[in-house]
$ cat model23.txt   # compact mmCIF, C-alpha atoms and all ligand atoms
# COMPACT_ATOMS: atom_id res chain seq x y z
CA MET A 1 0.00 0.00 0.00
CA SER A 2 1.55 3.25 -1.04
CA TYR A 3 -1.43 5.62 -0.76
CA TYR A 4 -0.44 9.23 -0.16
CA PRO A 5 -2.65 12.26 -0.83
CA ALA A 6 0.27 14.21 -2.33
CA ARG A 7 3.07 13.52 -4.79
CA VAL A 8 6.23 14.71 -6.49
CA THR A 9 5.94 14.32 -10.25
CA VAL A 10 9.27 14.40 -12.08
CA ASP A 11 9.24 15.05 -15.82
CA LEU A 12 12.31 13.17 -16.98
CA GLY A 13 11.86 14.71 -20.42
CA ALA A 14 12.64 18.07 -18.84
CA ILE A 15 15.82 16.61 -17.32
CA ARG A 16 16.91 15.43 -20.78
CA GLU A 17 16.09 18.79 -22.38
CA ASN A 18 18.01 20.68 -19.71
CA VAL A 19 21.05 18.45 -20.03
CA ALA A 20 20.92 18.76 -23.83
CA THR A 21 20.75 22.56 -23.44
CA LEU A 22 23.80 22.52 -21.16
CA VAL A 23 25.69 20.22 -23.52
CA ARG A 24 24.97 22.65 -26.38
CA ARG A 25 26.20 25.62 -24.38
CA THR A 26 29.72 24.34 -23.76
CA PRO A 27 32.49 22.47 -25.57
CA ALA A 28 33.41 20.94 -22.18
CA ALA A 29 32.16 17.57 -20.99
CA VAL A 30 29.12 17.74 -18.70
CA MET A 31 28.91 16.13 -15.26
CA ALA A 32 25.32 16.00 -14.02
CA VAL A 33 25.48 16.50 -10.26
CA VAL A 34 22.98 14.09 -8.71
CA LYS A 35 23.82 14.38 -5.02
CA ALA A 36 21.08 14.50 -2.36
CA ASP A 37 18.84 12.10 -4.29
CA ALA A 38 19.28 14.25 -7.40
CA TYR A 39 18.19 17.38 -5.50
CA GLY A 40 15.08 15.52 -4.35
CA HIS A 41 14.16 14.36 -7.87
CA GLY A 42 15.29 10.73 -7.56
CA LEU A 43 18.90 9.55 -8.00
CA VAL A 44 18.72 6.73 -10.52
CA PRO A 45 15.93 7.92 -12.85
CA VAL A 46 17.57 11.34 -13.14
CA ALA A 47 21.02 9.84 -13.67
CA ARG A 48 19.81 7.56 -16.47
CA ASN A 49 18.07 10.39 -18.27
CA ALA A 50 20.98 12.80 -17.82
CA VAL A 51 23.32 10.25 -19.38
CA ALA A 52 20.86 9.54 -22.19
CA ALA A 53 20.87 13.28 -22.98
CA GLY A 54 24.64 13.60 -23.17
CA ALA A 55 26.08 13.90 -19.66
CA SER A 56 29.30 11.87 -19.71
CA TRP A 57 29.96 12.16 -15.98
CA LEU A 58 27.84 11.93 -12.83
CA GLY A 59 28.81 13.59 -9.56
CA THR A 60 27.74 12.81 -6.01
CA ALA A 61 28.76 14.19 -2.65
CA GLN A 62 28.30 10.90 -0.82
CA ILE A 63 30.05 7.61 -1.55
CA THR A 64 26.78 5.72 -0.94
CA GLU A 65 25.16 7.64 -3.79
CA ALA A 66 28.03 6.88 -6.16
CA LEU A 67 27.92 3.17 -5.33
CA ALA A 68 24.14 3.15 -5.80
CA LEU A 69 24.61 4.53 -9.33
CA ARG A 70 27.03 1.72 -10.22
CA ARG A 71 24.70 -0.88 -8.71
CA ALA A 72 21.90 0.53 -10.87
CA GLY A 73 24.02 -0.22 -13.93
CA LEU A 74 25.28 3.26 -14.82
CA GLU A 75 28.61 2.82 -16.55
CA CYS A 76 29.76 6.41 -17.14
CA ARG A 77 32.47 8.17 -15.16
CA ILE A 78 31.40 8.97 -11.60
CA LEU A 79 33.16 11.35 -9.21
CA THR A 80 32.44 11.40 -5.47
CA TRP A 81 33.94 13.91 -3.09
CA LEU A 82 32.76 13.93 0.53
CA TYR A 83 34.11 11.39 2.98
CA ALA A 84 35.81 11.20 6.35
CA PRO A 85 38.74 9.03 7.46
CA GLY A 86 37.76 5.36 7.48
CA ALA A 87 35.39 5.59 4.48
CA PRO A 88 34.99 2.47 2.30
CA LEU A 89 37.27 3.79 -0.46
CA ASP A 90 38.11 0.22 -1.51
CA ASP A 91 34.48 -0.18 -2.59
CA CYS A 92 34.84 2.95 -4.73
CA VAL A 93 38.08 1.80 -6.34
CA GLY A 94 36.53 -1.62 -6.94
CA ALA A 95 33.52 0.05 -8.58
CA ASP A 96 35.76 2.24 -10.78
CA ILE A 97 34.57 5.46 -9.14
CA ASP A 98 36.82 8.55 -9.29
CA LEU A 99 37.71 10.02 -5.90
CA SER A 100 38.35 13.57 -4.79
CA VAL A 101 41.49 14.04 -2.70
CA PRO A 102 41.34 17.22 -0.60
CA ALA A 103 44.10 16.42 1.95
CA LEU A 104 47.15 14.27 2.63
CA TRP A 105 45.20 11.93 4.90
CA ALA A 106 42.78 11.28 2.04
CA LEU A 107 45.65 10.52 -0.34
CA ASP A 108 47.02 7.98 2.15
CA GLU A 109 43.61 6.30 2.42
CA VAL A 110 43.10 6.21 -1.35
CA ARG A 111 46.55 4.64 -1.81
CA ALA A 112 45.75 2.00 0.81
CA ALA A 113 42.43 1.25 -0.88
CA ALA A 114 44.11 0.92 -4.28
CA ARG A 115 46.70 -1.49 -2.89
CA ALA A 116 43.94 -3.53 -1.23
CA VAL A 117 41.92 -3.76 -4.43
CA GLY A 118 44.96 -4.24 -6.65
CA ARG A 119 44.21 -1.56 -9.18
CA PRO A 120 45.14 2.13 -9.41
CA ALA A 121 42.60 4.66 -8.13
CA ARG A 122 41.68 7.68 -10.26
CA VAL A 123 41.94 10.86 -8.22
CA HIS A 124 41.04 14.52 -8.63
CA LEU A 125 43.09 16.83 -6.41
CA LYS A 126 40.74 19.32 -4.79
CA VAL A 127 42.20 22.75 -4.20
CA ASP A 128 40.59 25.48 -2.13
CA THR A 129 41.03 28.48 -4.44
CA GLY A 130 39.26 30.85 -2.08
CA MET A 131 35.92 29.46 -0.98
CA GLY A 132 37.34 28.37 2.36
CA ARG A 133 35.41 25.10 2.35
CA ASN A 134 36.68 21.74 1.10
CA GLY A 135 40.02 21.31 -0.66
CA ILE A 136 43.65 21.78 0.25
CA GLY A 137 44.84 25.36 0.60
CA VAL A 138 46.95 26.78 -2.23
CA ASP A 139 50.01 26.95 0.03
CA GLU A 140 49.80 23.24 0.88
CA PHE A 141 48.81 22.18 -2.64
CA PRO A 142 52.41 21.60 -3.87
CA GLN A 143 52.99 19.15 -1.02
CA LEU A 144 49.83 17.18 -1.85
CA LEU A 145 50.71 17.30 -5.55
CA ASN A 146 54.18 15.89 -4.99
CA ALA A 147 52.86 13.11 -2.77
CA ALA A 148 50.18 12.30 -5.33
CA LEU A 149 52.66 12.15 -8.21
CA ALA A 150 54.92 9.90 -6.16
CA ALA A 151 51.94 7.58 -5.59
CA GLU A 152 51.26 7.72 -9.33
CA HIS A 153 54.84 6.65 -10.08
CA ALA A 154 54.37 3.80 -7.60
CA GLY A 155 51.35 2.68 -9.65
CA GLU A 156 48.87 3.25 -6.83
CA ILE A 157 46.87 6.11 -8.28
CA ARG A 158 46.36 8.15 -11.43
CA VAL A 159 46.07 11.89 -11.01
CA VAL A 160 43.37 12.55 -13.61
CA GLY A 161 42.01 15.86 -12.38
CA VAL A 162 42.57 19.11 -10.56
CA TRP A 163 39.38 20.73 -9.37
CA SER A 164 37.87 23.43 -7.24
CA HIS A 165 34.55 25.08 -6.40
CA LEU A 166 33.37 28.69 -6.70
CA ALA A 167 31.93 30.76 -3.85
CA CYS A 168 30.26 33.52 -5.89
CA ALA A 169 29.53 32.12 -9.34
CA ASP A 170 25.95 33.44 -9.18
CA HIS A 171 27.41 36.98 -9.12
CA PRO A 172 29.85 36.89 -12.06
CA GLU A 173 31.03 40.45 -11.42
CA HIS A 174 32.17 39.59 -7.87
CA PRO A 175 35.96 40.02 -7.60
CA ALA A 176 36.27 36.68 -5.77
CA ASN A 177 35.65 34.95 -9.11
CA THR A 178 38.74 36.30 -10.84
CA ALA A 179 40.82 35.61 -7.73
CA GLN A 180 39.60 32.01 -7.71
CA LEU A 181 40.20 31.67 -11.45
CA ASP A 182 43.80 32.87 -11.08
CA ALA A 183 44.42 30.52 -8.14
CA PHE A 184 42.91 27.62 -10.07
CA LYS A 185 44.98 28.25 -13.20
CA ASN A 186 48.04 28.44 -11.01
CA ALA A 187 47.29 25.07 -9.38
CA VAL A 188 46.71 23.50 -12.79
CA ARG A 189 49.98 24.95 -14.10
CA LEU A 190 51.89 23.61 -11.08
CA ALA A 191 50.41 20.16 -11.62
CA GLU A 192 51.25 20.13 -15.32
CA GLU A 193 54.76 21.45 -14.79
CA ALA A 194 55.31 18.72 -12.20
CA GLY A 195 54.44 16.14 -14.85
CA ALA A 196 50.76 15.40 -14.18
CA SER A 197 48.91 14.44 -17.36
CA LEU A 198 45.51 15.79 -16.41
CA GLU A 199 42.43 14.54 -18.15
CA VAL A 200 40.03 17.09 -16.63
CA ARG A 201 40.34 20.51 -15.02
CA HIS A 202 37.00 21.60 -13.51
CA ILE A 203 35.60 24.41 -11.39
CA ALA A 204 32.20 25.42 -12.89
CA ASN A 205 28.88 24.79 -11.13
CA SER A 206 25.52 25.64 -12.78
CA ALA A 207 25.95 29.40 -12.45
CA ALA A 208 29.43 29.40 -13.99
CA THR A 209 28.26 26.99 -16.69
CA LEU A 210 25.46 29.41 -17.66
CA LEU A 211 27.19 32.74 -17.07
CA SER A 212 30.97 32.41 -17.34
CA PRO A 213 32.47 30.38 -20.23
CA GLU A 214 36.02 31.17 -19.10
CA PHE A 215 35.42 28.81 -16.15
CA HIS A 216 34.42 25.80 -18.26
CA PHE A 217 37.86 24.17 -18.83
CA ASP A 218 37.38 20.45 -19.71
CA LEU A 219 34.37 19.61 -17.58
CA VAL A 220 31.44 21.52 -16.05
CA ARG A 221 29.45 20.32 -13.02
CA PRO A 222 25.88 21.64 -13.22
CA GLY A 223 23.52 20.52 -10.49
CA LEU A 224 20.56 22.88 -10.17
CA ALA A 225 20.40 23.72 -13.89
CA THR A 226 19.94 20.01 -14.67
CA TYR A 227 16.66 20.23 -12.79
CA GLY A 228 15.54 23.30 -14.72
CA LEU A 229 15.94 25.87 -11.96
CA SER A 230 17.91 29.10 -12.13
CA PRO A 231 21.09 29.11 -10.01
CA ALA A 232 21.27 32.90 -10.29
CA PRO A 233 17.76 34.39 -10.13
CA ASN A 234 19.35 37.85 -10.02
CA ALA A 235 20.92 37.21 -13.45
CA GLY A 236 18.08 35.35 -15.14
CA SER A 237 15.07 33.12 -14.69
CA ALA A 238 14.94 29.47 -15.70
CA THR A 239 13.15 30.54 -18.88
CA ASP A 240 15.87 33.10 -19.64
CA PHE A 241 18.41 30.26 -19.46
CA GLU A 242 16.19 28.00 -21.62
CA LEU A 243 15.69 25.61 -18.73
CA ARG A 244 12.44 23.92 -17.73
CA PRO A 245 11.68 22.87 -14.14
CA ALA A 246 11.29 19.10 -13.95
CA LEU A 247 9.47 18.83 -10.64
CA THR A 248 5.81 19.36 -9.80
CA LEU A 249 4.59 19.15 -6.21
CA SER A 250 0.87 18.57 -5.84
CA ALA A 251 -1.64 17.36 -3.27
CA ASP A 252 -5.33 16.49 -3.02
CA LEU A 253 -7.48 18.78 -0.88
CA VAL A 254 -8.62 16.81 2.15
CA LEU A 255 -11.26 19.34 3.24
CA VAL A 256 -12.99 22.43 1.89
CA LYS A 257 -15.26 24.46 4.15
CA ASP A 258 -16.98 27.82 4.37
CA VAL A 259 -16.05 30.03 7.33
CA PRO A 260 -17.19 33.48 8.43
CA ALA A 261 -15.15 36.68 8.44
CA GLY A 262 -12.91 36.92 11.48
CA GLN A 263 -12.03 33.21 11.63
CA GLY A 264 -8.49 32.62 12.96
CA VAL A 265 -6.55 29.91 11.11
CA SER A 266 -3.92 27.33 12.15
CA TYR A 267 -1.46 27.40 15.09
CA ASP A 268 -1.27 30.69 16.94
CA LEU A 269 -4.12 32.01 14.76
CA THR A 270 -1.69 34.18 12.79
CA TYR A 271 -4.21 34.51 9.93
CA THR A 272 -7.71 35.90 10.23
CA THR A 273 -10.24 35.75 7.40
CA TYR A 274 -11.18 39.25 6.24
CA SER A 275 -14.57 38.22 4.82
CA ASP A 276 -16.81 35.21 4.63
CA THR A 277 -14.65 32.80 2.66
CA THR A 278 -13.79 29.21 1.84
CA LEU A 279 -10.77 27.44 3.32
CA GLY A 280 -9.01 24.39 1.88
CA VAL A 281 -6.83 21.96 3.83
CA VAL A 282 -3.71 20.70 1.99
CA PRO A 283 -2.14 17.47 3.34
CA LEU A 284 1.48 18.62 3.18
CA GLY A 285 3.58 20.13 5.94
CA TYR A 286 7.09 20.58 7.20
CA GLY A 287 7.21 16.80 7.71
CA ASP A 288 7.19 16.67 3.91
CA GLY A 289 9.76 19.45 3.56
CA ILE A 290 7.36 22.36 3.15
CA PRO A 291 9.16 25.32 4.75
CA ARG A 292 7.38 26.68 7.82
CA HIS A 293 8.86 30.05 6.92
CA ALA A 294 6.47 30.12 3.94
CA SER A 295 3.54 30.46 6.37
CA ASN A 296 1.14 33.25 5.34
CA ASN A 297 3.39 34.04 2.39
CA ALA A 298 3.57 31.40 -0.36
CA ARG A 299 0.82 30.78 -2.92
CA VAL A 300 -0.50 27.64 -4.56
CA ARG A 301 -2.54 26.93 -7.69
CA ALA A 302 -6.04 25.84 -6.66
CA ASP A 303 -9.52 26.28 -8.08
CA ASP A 304 -7.96 27.55 -11.35
CA ARG A 305 -6.12 30.45 -9.77
CA GLU A 306 -3.35 31.29 -7.34
CA VAL A 307 -4.42 31.51 -3.72
CA PRO A 308 -2.47 32.28 -0.53
CA LEU A 309 -1.47 30.10 2.36
CA ALA A 310 -3.54 30.98 5.42
CA GLY A 311 -1.69 30.71 8.72
CA ARG A 312 1.16 28.51 9.86
CA VAL A 313 2.44 25.52 7.94
CA CYS A 314 2.02 22.55 10.33
CA MET A 315 3.86 19.22 10.36
CA ASP A 316 1.47 17.45 8.00
CA GLN A 317 -0.91 20.08 6.66
CA PHE A 318 -1.52 23.70 5.87
CA VAL A 319 -4.58 25.78 5.03
CA ILE A 320 -5.25 27.90 1.95
CA ASP A 321 -7.80 30.71 1.61
CA LEU A 322 -9.75 29.89 -1.54
CA GLY A 323 -11.70 33.15 -1.33
CA PRO A 324 -15.43 33.81 -1.46
CA GLY A 325 -17.31 31.88 -4.12
CA ALA A 326 -14.70 29.13 -4.51
CA THR A 327 -15.86 26.01 -6.31
CA ALA A 328 -13.02 23.69 -5.20
CA ARG A 329 -14.01 20.45 -3.51
CA ALA A 330 -12.29 17.85 -1.38
CA GLY A 331 -10.19 15.67 -3.68
CA ASP A 332 -9.33 18.46 -6.10
CA GLU A 333 -5.64 18.70 -6.91
CA VAL A 334 -3.68 21.68 -5.66
CA VAL A 335 -0.28 22.48 -7.23
CA LEU A 336 2.29 24.04 -4.90
CA PHE A 337 4.81 24.45 -7.69
CA GLY A 338 5.03 23.24 -11.26
CA PRO A 339 3.93 24.22 -14.78
CA GLY A 340 1.15 26.83 -14.74
CA ALA A 341 1.56 27.28 -10.99
CA PRO A 342 4.00 29.16 -8.76
CA THR A 343 7.61 28.01 -9.10
CA ALA A 344 10.09 26.54 -6.63
CA GLN A 345 11.81 29.94 -6.94
CA ASP A 346 8.56 31.65 -5.83
CA TRP A 347 8.46 29.36 -2.80
CA ALA A 348 12.10 30.08 -2.07
CA GLU A 349 11.38 33.81 -2.07
CA ALA A 350 8.30 33.31 0.13
CA ALA A 351 10.37 31.33 2.63
CA GLY A 352 13.55 33.42 2.53
CA THR A 353 15.71 30.67 1.03
CA ILE A 354 16.96 29.36 -2.33
CA SER A 355 15.23 27.00 -4.75
CA TYR A 356 17.96 24.42 -4.07
CA GLU A 357 16.59 23.99 -0.55
CA ILE A 358 12.94 23.90 -1.61
CA VAL A 359 13.37 20.88 -3.91
CA THR A 360 16.11 19.08 -1.96
CA ARG A 361 14.20 19.08 1.33
CA LEU A 362 11.09 17.38 -0.07
CA GLY A 363 10.50 14.48 2.27
CA ALA A 364 11.41 10.89 1.60
CA ARG A 365 7.83 9.94 2.57
CA LEU A 366 6.44 11.76 -0.49
CA PRO A 367 5.92 9.39 -3.41
CA ARG A 368 7.81 10.19 -6.62
CA VAL A 369 6.00 9.68 -9.91
CA TYR A 370 8.14 9.62 -13.05
CA VAL A 371 6.85 10.68 -16.45
CA ASN A 372 8.52 10.76 -19.89
CA ASP A 373 11.26 8.29 -18.96
CA VAL A 374 13.71 7.29 -21.69
CA PRO A 375 12.49 4.24 -23.59
CA ASN A 376 14.55 1.06 -23.51
CA VAL A 377 16.86 1.93 -20.67
CA SER A 378 18.72 -1.18 -19.63
CA GLU A 379 18.07 -2.39 -16.11
C1 LIG B 1 26.62 20.75 -5.52
C2 LIG B 1 27.87 20.90 -6.25
C3 LIG B 1 27.88 21.26 -7.61
C4 LIG B 1 26.63 21.67 -8.34
O1 LIG B 1 26.23 22.95 -7.90
P1 LIG B 1 25.01 23.71 -8.59
O2 LIG B 1 25.08 25.08 -8.05
O3 LIG B 1 23.77 22.99 -8.17
O4 LIG B 1 25.23 23.63 -10.04
C5 LIG B 1 29.08 21.28 -8.26
N1 LIG B 1 30.22 20.96 -7.63
C6 LIG B 1 30.27 20.64 -6.32
C7 LIG B 1 31.56 20.33 -5.65
C8 LIG B 1 29.09 20.61 -5.58
O5 LIG B 1 29.14 20.30 -4.28
$ encode --input "model23.txt" --output "structure tokens" --more "lines below"
Ligand SMILES: *Cc1c(COP(=O)(O)O)cnc(C)c1O
Amino acid sequence: MSYYPARVTVDLGAIRENVATLVRRTPAAVMAVVKADAYGHGLVPVARNAVAAGASWLGTAQITEALALRRAGLECRILTWLYAPGAPLDDCVGADIDLSVPALWALDEVRAAARAVGRPARVHLKVDTGMGRNGIGVDEFPQLLNAALAAEHAGEIRVVGVWSHLACADHPEHPANTAQLDAFKNAVRLAEEAGASLEVRHIANSAATLLSPEFHFDLVRPGLATYGLSPAPNAGSATDFELRPALTLSADLVLVKDVPAGQGVSYDLTYTTYSDTTLGVVPLGYGDGIPRHASNNARVRADDREVPLAGRVCMDQFVIDLGPGATARAGDEVVLFGPGAPTAQDWAEAAGTISYEIVTRLGARLPRVYVNDVPNVSE
């Protein structure tokens, strides 16, 4: 039994179109970033469709996600980058998964895993070019590089990539971008002068892929754009970037009722009806990933128009004010975001966050329905 009065519908055709658009926009190879269950869209279906549309790499933060892709039969290059000491790197080497190396301890563990498995590991040296997050600092990079090249000579690893991540790619005019670009080029030059034969240099996320060609190098790593959302709403909407949102969130009204003017609604009664009106109860709440900060602020498509949330978002439900004269009935479908309805970006603005968080937080308990899947994908 999998009954649920709400659902996430993922249009895999939109995923393919978006990937094809990204592939057209750059001479670089495209890595579809499918971390966090493909930003809430579903890891394996998204990965298959991204590859069918021309992505030659897949990227995941977590090792578990990378291994799940291999188990599902995906044969393209996969890079994974977030692990702590003691991670099962031997499983990754055994599954032919490329590993990020952001520190000397990580290099030691990758070498040990490669020896245990009996085949060289492919590594991408991660350099912190200014974001101050993951990656080895530029001052320590030469030390990591030398140790990595020594391990390459010993046959334990192959240094196939140097990579980094941008802090401000959604604001291309920010001076941090040029500083990071210079630091990145310098790290690449050091690696090549030291004898590394790099296959891929990569630093571009979605925003840099869409806005800054000089950051593309050999490989770009779009995440959000794959899903048809704008990574830089200040610079352009999804439509401006020729992207189409793949995800629709909808629910069936569980109750519709007439109430008088002056009716308080939901916890703390933060909303009061201003006239006689009709309320609808939507069976989605913060337990499903609906942001409580969107209370009294977001809008949904219901009864053939956009109507506001009334009062606090609860754990499992929220209320909408359908207005006087509404014709909606229990069982009618309400669209929180999707085609012809508000967008995930609208919800992000209503909740004071970014569209990344809106789609990624959608709860595991929500069923995913896939439409327009690629035909004849091998299992
Ligand atoms: C998440 C992530 C990406 C993709 O970022 P988007 O802004 O969604 O395109 C790329 N690279 C790394 C290292 C990431 O963690």
$ residues_around --input "model23.txt" --residues "Ala167 (chain A)" --least-positions-apart "5" --cutoff "8 Å" --atoms "all atoms listed in the file" --output "PyMOL selection string"
chain A and resi 130-131+176-177
$ residues_around --input "model23.txt" --residues "Ala6 (chain A)" --least-positions-apart "3" --cutoff "9 Å" --atoms "only C-alpha atoms" --output "list in words"
Tyr3, Leu249, Ser250, Ala251, Asp252, Val282, Pro283, Leu284, Glu333, Leu366 and Pro367 of chain A
$ write_last_selection --input "model23.txt" --atoms "C-alpha atoms" --output "PDB file, in the frame of the given file"
ATOM      1  CA  TYR A   3      -1.430   5.620  -0.760  1.00  0.00           C
ATOM      2  CA  LEU A 249       4.590  19.150  -6.210  1.00  0.00           C
ATOM      3  CA  SER A 250       0.870  18.570  -5.840  1.00  0.00           C
ATOM      4  CA  ALA A 251      -1.640  17.360  -3.270  1.00  0.00           C
ATOM      5  CA  ASP A 252      -5.330  16.490  -3.020  1.00  0.00           C
ATOM      6  CA  VAL A 282      -3.710  20.700   1.990  1.00  0.00           C
ATOM      7  CA  PRO A 283      -2.140  17.470   3.340  1.00  0.00           C
ATOM      8  CA  LEU A 284       1.480  18.620   3.180  1.00  0.00           C
ATOM      9  CA  GLU A 333      -5.640  18.700  -6.910  1.00  0.00           C
ATOM     10  CA  LEU A 366       6.440  11.760  -0.490  1.00  0.00           C
ATOM     11  CA  PRO A 367       5.920   9.390  -3.410  1.00  0.00           C
TER      12      PRO A 367
END
$ closest_residue --input "model23.txt" --among "A:Gly262, A:Gly363, A:Gly59, A:Gly338" --to "ligand LIG 1 (chain B)" --atoms "only C-alpha atoms and all ligand atoms"
A:Gly59
$ atom_distance --input "model23.txt" --atom1 "CA of Gly86 (chain A)" --atom2 "CA of Arg221 (chain A)"
26.7 Å
$ residues_near_ligand --input "model23.txt" --ligand "ligand LIG 1 (chain B)" --cutoff "7 Å" --atoms "all atoms listed in the file" --output "ChimeraX atom specification"
/A:33,35,61,165,204-207,221-225,231
$ closest_residue --input "model23.txt" --among "A:Ala68, A:Val8, A:Ala196, A:Leu166" --to "Thr178 (chain A)" --atoms "all atoms listed in the file"
A:Leu166
$ closest_residue --input "model23.txt" --among "A:Ala330, A:Val371, A:Ala310, A:Ala261" --to "Leu12 (chain A)" --atoms "all atoms listed in the file"
A:Val371
$ residues_around --input "model23.txt" --residues "Leu144 (chain A)" --least-positions-apart "3" --cutoff "7 Å" --atoms "all atoms listed in the file" --output "ChimeraX atom specification"
/A:103-104,140-141,147-148
$ closest_residue --input "model23.txt" --among "A:His174, A:Arg368, A:Arg122, A:Arg111" --to "Val10 (chain A)" --atoms "all atoms listed in the file"
A:Arg368
$ closest_residue --input "model23.txt" --among "A:Gly161, A:Gly118, A:Gly137, A:Pro213" --to "Asp98 (chain A)" --atoms "all atoms listed in the file"
A:Gly161
$ residues_around --input "model23.txt" --residues "region 287-292 of chain A" --least-positions-apart "5" --cutoff "10 Å" --atoms "only C-alpha atoms" --output "VMD selection string"
chain A and resid 6 297 to 298 311 to 318 336 347 to 348 350 to 353 357 to 366
$ atom_distance --input "model23.txt" --atom1 "CA of Val127 (chain A)" --atom2 "CA of Thr64 (chain A)"
23.2 Å
$ atom_distance --input "model23.txt" --atom1 "CA of His153 (chain A)" --atom2 "CA of Glu75 (chain A)"
27.3 Å
$ axis_aligned_box --input "model23.txt" --around "region 314-329 of chain A" --padding-each-side "3 Å" --output "AutoDock Vina command-line options"
--center_x -6.7 --center_y 25.6 --center_z 2.0 --size_x 27.2 --size_y 22.4 --size_z 22.7
$ closest_residue --input "model23.txt" --among "A:Asp321, A:Asp218, A:Arg7, A:Ala66" --to "Gln263 (chain A)" --atoms "all atoms listed in the file"
A:Asp321
